[in-house]
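J.: File my_file-v8.cif below, mmCIF, C-alpha atoms:
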data_upload
loop_
_atom_site.label_atom_id
_atom_site.label_comp_id
_atom_site.auth_asym_id
_atom_site.auth_seq_id
_atom_site.Cartn_x
_atom_site.Cartn_y
_atom_site.Cartn_z
CA MET A 1 0.49 -8.18 -4.54
CA PHE A 2 4.22 -7.89 -4.15
CA THR A 3 6.69 -9.14 -1.59
CA TYR A 4 9.40 -7.03 0.00
CA ASP A 5 12.02 -8.77 -2.15
CA GLU A 6 10.07 -8.05 -5.33
CA LEU A 7 9.78 -4.39 -4.33
CA LEU A 8 13.54 -4.28 -3.69
CA MET A 9 14.07 -5.55 -7.24
CA GLU A 10 11.67 -2.91 -8.58
CA ALA A 11 13.56 -0.20 -6.70
CA ASP A 12 16.81 -1.51 -8.14
CA SER A 13 15.38 -1.52 -11.67
CA ASN A 14 14.56 2.17 -11.17
CA ASN A 15 18.18 2.81 -10.12
CA LEU A 16 17.16 3.40 -6.51
CA ILE A 17 19.51 2.39 -3.72
CA THR A 18 17.61 0.83 -0.82
CA LYS A 19 19.29 0.33 2.55
CA GLU A 20 17.97 -0.93 5.85
CA LYS A 21 18.99 1.32 8.73
CA PRO A 22 18.17 1.76 12.43
CA LEU A 23 15.92 4.78 11.82
CA ARG A 24 14.52 6.57 14.86
CA ALA A 25 12.15 9.22 13.56
CA ASN A 26 10.25 7.23 10.95
CA LYS A 27 10.00 3.84 9.25
CA GLY A 28 11.08 4.90 5.79
CA ARG A 29 12.42 7.82 3.83
CA ILE A 30 13.38 8.64 0.27
CA LYS A 31 15.80 11.33 -0.74
CA GLY A 32 16.94 11.55 -4.33
CA ASN A 33 17.68 8.00 -5.46
CA ARG A 34 18.18 6.63 -1.93
CA ILE A 35 15.58 4.88 0.17
CA ALA A 36 16.11 4.10 3.85
CA ILE A 37 13.93 1.44 5.49
CA LYS A 38 13.88 0.88 9.25
CA SER A 39 15.75 -2.36 9.85
CA ASP A 40 13.96 -3.74 12.91
CA MET A 41 10.64 -4.63 11.27
CA THR A 42 9.20 -7.75 9.67
CA ASN A 43 9.50 -8.17 5.91
CA THR A 44 5.75 -7.61 5.67
CA GLU A 45 6.10 -4.23 7.41
CA LYS A 46 9.14 -3.38 5.31
CA GLY A 47 7.18 -4.18 2.15
CA CYS A 48 4.39 -1.78 3.10
CA ILE A 49 6.89 0.98 3.89
CA LEU A 50 8.94 0.38 0.74
CA ALA A 51 5.78 0.46 -1.38
CA GLU A 52 4.95 3.89 0.04
CA GLU A 53 8.50 5.15 -0.58
CA LEU A 54 8.28 3.88 -4.16
CA GLY A 55 4.97 5.72 -4.35
CA HIS A 56 6.81 8.90 -3.40
CA TYR A 57 9.41 8.20 -6.07
CA HIS A 58 6.73 7.78 -8.74
CA THR A 59 4.26 10.51 -7.68
CA THR A 60 5.81 13.28 -5.58
CA TYR A 61 8.40 16.00 -5.94
CA GLY A 62 10.34 18.18 -3.53
CA ASN A 63 10.53 17.97 0.23
CA ILE A 64 7.10 17.18 1.70
CA ILE A 65 8.23 16.01 5.13
CA CYS A 66 6.61 18.78 7.18
CA GLN A 67 3.17 18.37 5.52
CA SER A 68 2.44 22.06 6.17
CA SER A 69 0.83 22.81 2.82
CA VAL A 70 -2.22 21.33 1.12
CA SER A 71 0.03 20.46 -1.82
CA ASP A 72 2.32 18.41 0.44
CA GLN A 73 -0.67 16.61 1.97
CA LYS A 74 -2.08 15.79 -1.47
CA GLN A 75 1.29 14.40 -2.55
CA GLU A 76 1.38 12.21 0.56
CA ILE A 77 -2.08 10.85 -0.27
CA ARG A 78 -0.97 10.18 -3.88
CA ALA A 79 2.08 8.24 -2.69
CA ARG A 80 -0.01 6.17 -0.28
CA ALA A 81 -2.64 5.52 -2.95
CA TRP A 82 0.12 4.28 -5.24
CA ALA A 83 1.28 1.91 -2.49
CA TYR A 84 -2.26 0.68 -1.73
CA ASN A 85 -2.87 -0.07 -5.39
CA LYS A 86 0.52 -1.76 -5.76
CA MET A 87 0.20 -3.96 -2.69
CA ILE A 88 -3.57 -4.58 -2.61
CA GLY A 89 -5.82 -3.06 -5.26
CA ILE A 90 -9.42 -4.02 -5.82
CA THR A 91 -8.24 -7.12 -7.70
CA GLY A 92 -6.17 -8.17 -4.68
CA ILE A 93 -9.25 -7.97 -2.47
CA ILE A 94 -11.12 -10.18 -4.96
CA GLU A 95 -8.21 -12.65 -5.12
CA ALA A 96 -8.15 -12.87 -1.32
CA TYR A 97 -11.90 -13.58 -1.35
CA LYS A 98 -11.46 -16.28 -4.02
CA HIS A 99 -8.69 -17.78 -1.87
CA GLY A 100 -11.15 -18.13 1.01
CA CYS A 101 -10.09 -15.14 3.14
CA ARG A 102 -13.00 -13.92 5.22
CA SER A 103 -11.38 -11.75 7.89
CA MET A 104 -9.07 -8.74 7.91
CA TYR A 105 -6.30 -10.91 9.37
CA GLU A 106 -6.66 -13.58 6.67
CA THR A 107 -6.85 -10.97 3.91
CA ALA A 108 -3.79 -9.07 5.16
CA ASP A 109 -1.86 -12.32 5.54
CA PHE A 110 -2.79 -13.45 2.01
CA LEU A 111 -1.80 -10.08 0.52
CA ASP A 112 1.40 -9.95 2.63
CA VAL A 113 0.53 -6.56 4.15
CA THR A 114 -0.06 -5.49 7.73
CA GLU A 115 -3.61 -5.23 9.04
CA LEU A 116 -3.01 -1.50 9.59
CA PHE A 117 -1.92 -1.03 5.96
CA LEU A 118 -4.99 -2.98 4.77
CA SER A 119 -7.27 -0.94 7.03
CA GLU A 120 -5.83 2.33 5.73
CA ALA A 121 -6.16 1.10 2.14
CA LEU A 122 -9.81 0.17 2.70
CA GLN A 123 -10.46 3.63 4.13
CA TYR A 124 -8.82 5.15 1.05
CA TYR A 125 -10.96 2.97 -1.25
CA LYS A 126 -14.09 3.87 0.73
CA ASN A 127 -13.28 7.58 0.32
CA LYS A 128 -12.67 7.04 -3.39
CA TYR A 129 -15.57 4.72 -4.28
CA GLY A 130 -18.12 5.15 -1.48
CA THR A 131 -19.48 2.23 0.52
CA TYR A 132 -18.94 -0.25 -2.32
CA THR A 133 -17.61 -0.69 -5.85
CA THR A 134 -18.00 -3.33 -8.53
CA LEU A 135 -15.46 -5.07 -10.73
CA ASP A 136 -16.47 -7.70 -13.24
CA LYS A 137 -18.92 -9.96 -11.40
CA PHE A 138 -17.89 -8.88 -7.90
CA VAL A 139 -19.25 -6.26 -5.51
CA ILE A 140 -16.71 -5.12 -2.92
CA TYR A 141 -18.19 -3.55 0.21
CA PHE A 142 -16.09 -1.26 2.39
CA GLU A 143 -18.78 -0.59 4.97
CA PRO A 144 -19.77 -1.65 7.57
CA SER A 145 -16.76 -3.95 7.08
CA LEU A 146 -14.91 -5.50 4.16
CA GLY A 147 -17.08 -7.89 2.21
CA VAL A 148 -17.10 -9.35 -1.29
CA LEU A 149 -20.17 -10.63 -3.10
CA GLU A 150 -19.89 -12.63 -6.30
CA LEU A 151 -22.79 -12.06 -8.66
CA ILE A 152 -24.24 -14.99 -10.56
#
For the structure just supplied, provide its representation as structure tokens.

T.:
Amino acid sequence: MFTYDELLMEADSNNLITKEKPLRANKGRIKGNRIAIKSDMTNTEKGCILAEELGHYHTTYGNIICQSSVSDQKQEIRARAWAYNKMIGITGIIEAYKHGCRSMYETADFLDVTELFLSEALQYYKNKYGTYTTLDKFVIYFEPSLGVLELI
């Protein structure tokens, strides 16, 4: 659970230069040590995009923009998984539940991510874990919709 400002500081600590720009083709892009983030978005949206670009920095190599090869597609998934785990994670879902969040909107708001980003993360977790997973005394259900059950 990180804010856009915290991610900017992380980028800076990795010697990455992050600039907001009026991008047309996409919402974010990394090339070398430079990250461009589309300027006309909310900080919540910018945080989700910056997390993915940091995911690319940490997990991918080369130019994967065209996504024409299986290798490029796998690298894209790795970068997104990095972002999902950074911004949400299974522990974040549990923390949202403990905080009283019971809907996608409330959970996304608590985690400071967009509902779309949360939905995509939940789909990723469902593909990874199946319909549910457990952590400590919690069962996290991904299907039919997000649910958390605390075991006694």

J.: Can you tell me, as a ChimeraX atom specification, what residues are no more than 10 Å from Leu122 of chain A when counting only C-alpha atoms, ignoring any on the same chain fewer than 6 positions away?

T.: /A:84,88-90,93,116,128,141-143,145-146

J.: Quick one: residues within 9 Å of Thr107 of chain A, all atoms listed in the file, excluding same-chain residues fewer than 5 positions away - as number ranges by chain?

T.: A: 93, 96-97, 100-102, 112-113, 115, 118

J.: Record the distance separating atom CA of His99 of chain A and atom CA of Lys126 of chain A, expressed in Å with one decimal.

T.: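 Separation of atom CA of His99 of chain A and atom CA of Lys126 of chain A: 22.5 Å.
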
J.: Using 8 Å as the limit and counting only C-alpha atoms, can you tabulate each residue of segment 67-136 of chain A that touches segment 42-51 of chain A, with its shortest atom-to-atom distance in Å and the two atoms involved, as CSV?

T.:
residue,atom,partner,partner_atom,distance
A:Trp82,CA,A:Ala51,CA,7.8
A:Ala83,CA,A:Ala51,CA,4.9
A:Lys86,CA,A:Ala51,CA,7.2
A:Met87,CA,A:Ala51,CA,7.2
A:Asp112,CA,A:Thr44,CA,5.8
A:Val113,CA,A:Thr44,CA,5.5
A:Thr114,CA,A:Glu45,CA,6.3
A:Phe117,CA,A:Cys48,CA,7.0

J.: What is the atom CA of Tyr105 of chain A-atom CA of Thr91 of chain A distance in Å, reported with one decimal?

T.: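 Atom-to-atom, atom CA of Tyr105 of chain A to atom CA of Thr91 of chain A, that is 17.6 Å.
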
J.: For the atom pair atom CA of Tyr129 of chain A and atom CA of Ala81 of chain A, what is the interatomic distance in Å to one decimal place?

T.: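 Result for atom CA of Tyr129 of chain A versus atom CA of Ala81 of chain A: 13.0 Å, one decimal.
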
J.: Given the file shown, enumerate the residues that the PyMOL selection byres ((chain A and resi 7-13) around 9) captures and present them as a list in words.

T.: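 After applying the PyMOL selection byres ((chain A and resi 7-13) around 9), what remains is Phe2, Thr3, Tyr4, Asp5, Glu6, Asn14, Asn15, Leu16, Ile17, Thr18, Ile35, Gly47, Leu50, Ala51 and Leu54 of chain A.
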
J.: Here is a test: counting all atoms listed in the file, which residue of A:Asn127, A:Thr60, A:Asn26, A:Gln73 is nearest to Ser39 of chain A?

T.: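 The shortest atom-to-atom distance to Ser39 of chain A comes from A:Asn26.
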
J.: Determine the residue set returned by the PyMOL selection byres ((chain A and resi 148) around 7) for the present structure, and present it as JSON, numbers by chain.

T.: {"A": [97, 138, 139, 140, 141, 147, 149, 150]}

J.: Name all residues at most 10 Å from His56 of chain A (count all atoms listed in the file; drop same-chain ones fewer than 5 positions away) and give them as a ChimeraX atom specification.

T.: /A:29-31,50-51,61-62,64,75-80,82-83

J.: Give as number ranges by chain each residue that has an atom at most 8 Å from (15.5, 5.1, 7.3) in the file, counting all atoms listed in the file.

T.: A: 19-24, 26-29, 35-39

J.: Select, from A:Tyr132, A:Ala108, A:Ser71, A:Met1, the residue with the minimum atom-to-atom distance to Asn85 of chain A, counting all atoms listed in the file.

T.: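 Ranking A:Tyr132, A:Ala108, A:Ser71, A:Met1 by distance to Asn85 of chain A, first place goes to A:Met1.
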
J.: Can I get segment 12-28 of chain A with N, CA, C and O atoms filled in, as a compact mmCIF listing (two decimals), keeping the file's coordinate frame?

T.:
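This went into rebuild.txt:
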# COMPACT_ATOMS: atom_id res chain seq x y z
N ASP A 12 15.53 -1.37 -7.45
CA ASP A 12 16.81 -1.51 -8.14
C ASP A 12 16.66 -1.25 -9.64
O ASP A 12 17.50 -0.58 -10.24
N SER A 13 15.59 -1.74 -10.23
CA SER A 13 15.38 -1.52 -11.67
C SER A 13 15.12 -0.06 -12.00
O SER A 13 15.25 0.35 -13.15
N ASN A 14 14.74 0.73 -11.00
CA ASN A 14 14.56 2.17 -11.17
C ASN A 14 15.80 2.95 -10.72
O ASN A 14 15.74 4.16 -10.51
N ASN A 15 16.91 2.22 -10.55
CA ASN A 15 18.18 2.81 -10.12
C ASN A 15 18.09 3.49 -8.76
O ASN A 15 18.72 4.52 -8.52
N LEU A 16 17.28 2.92 -7.88
CA LEU A 16 17.16 3.40 -6.51
C LEU A 16 18.00 2.51 -5.60
O LEU A 16 18.01 1.29 -5.76
N ILE A 17 18.69 3.12 -4.67
CA ILE A 17 19.51 2.39 -3.72
C ILE A 17 18.71 2.28 -2.42
O ILE A 17 18.37 3.29 -1.81
N THR A 18 18.41 1.06 -2.03
CA THR A 18 17.61 0.83 -0.82
C THR A 18 18.50 0.21 0.24
O THR A 18 19.15 -0.79 0.01
N LYS A 19 18.50 0.82 1.42
CA LYS A 19 19.29 0.33 2.55
C LYS A 19 18.41 0.24 3.78
O LYS A 19 17.56 1.09 4.01
N GLU A 20 18.63 -0.81 4.56
CA GLU A 20 17.97 -0.93 5.85
C GLU A 20 18.86 -0.28 6.90
O GLU A 20 20.05 -0.54 6.93
N LYS A 21 18.24 0.57 7.73
CA LYS A 21 18.99 1.32 8.73
C LYS A 21 18.20 1.37 10.04
O LYS A 21 16.99 1.24 10.03
N PRO A 22 18.87 1.62 11.14
CA PRO A 22 18.17 1.76 12.43
C PRO A 22 17.57 3.17 12.57
O PRO A 22 18.05 3.97 13.37
N LEU A 23 16.54 3.46 11.80
CA LEU A 23 15.92 4.78 11.82
C LEU A 23 15.21 4.99 13.16
O LEU A 23 14.64 4.07 13.72
N ARG A 24 15.20 6.24 13.61
CA ARG A 24 14.52 6.57 14.86
C ARG A 24 13.23 7.33 14.62
O ARG A 24 12.22 7.06 15.23
N ALA A 25 13.28 8.30 13.72
CA ALA A 25 12.15 9.22 13.56
C ALA A 25 11.01 8.65 12.74
O ALA A 25 9.86 8.99 12.94
N ASN A 26 11.31 7.78 11.78
CA ASN A 26 10.25 7.23 10.95
C ASN A 26 10.64 5.84 10.46
O ASN A 26 11.73 5.36 10.75
N LYS A 27 9.75 5.21 9.71
CA LYS A 27 10.00 3.84 9.25
C LYS A 27 10.62 3.78 7.87
O LYS A 27 11.15 2.76 7.47
N GLY A 28 10.51 4.87 7.12
CA GLY A 28 11.08 4.90 5.79
C GLY A 28 11.25 6.32 5.31
O GLY A 28 10.58 7.24 5.79
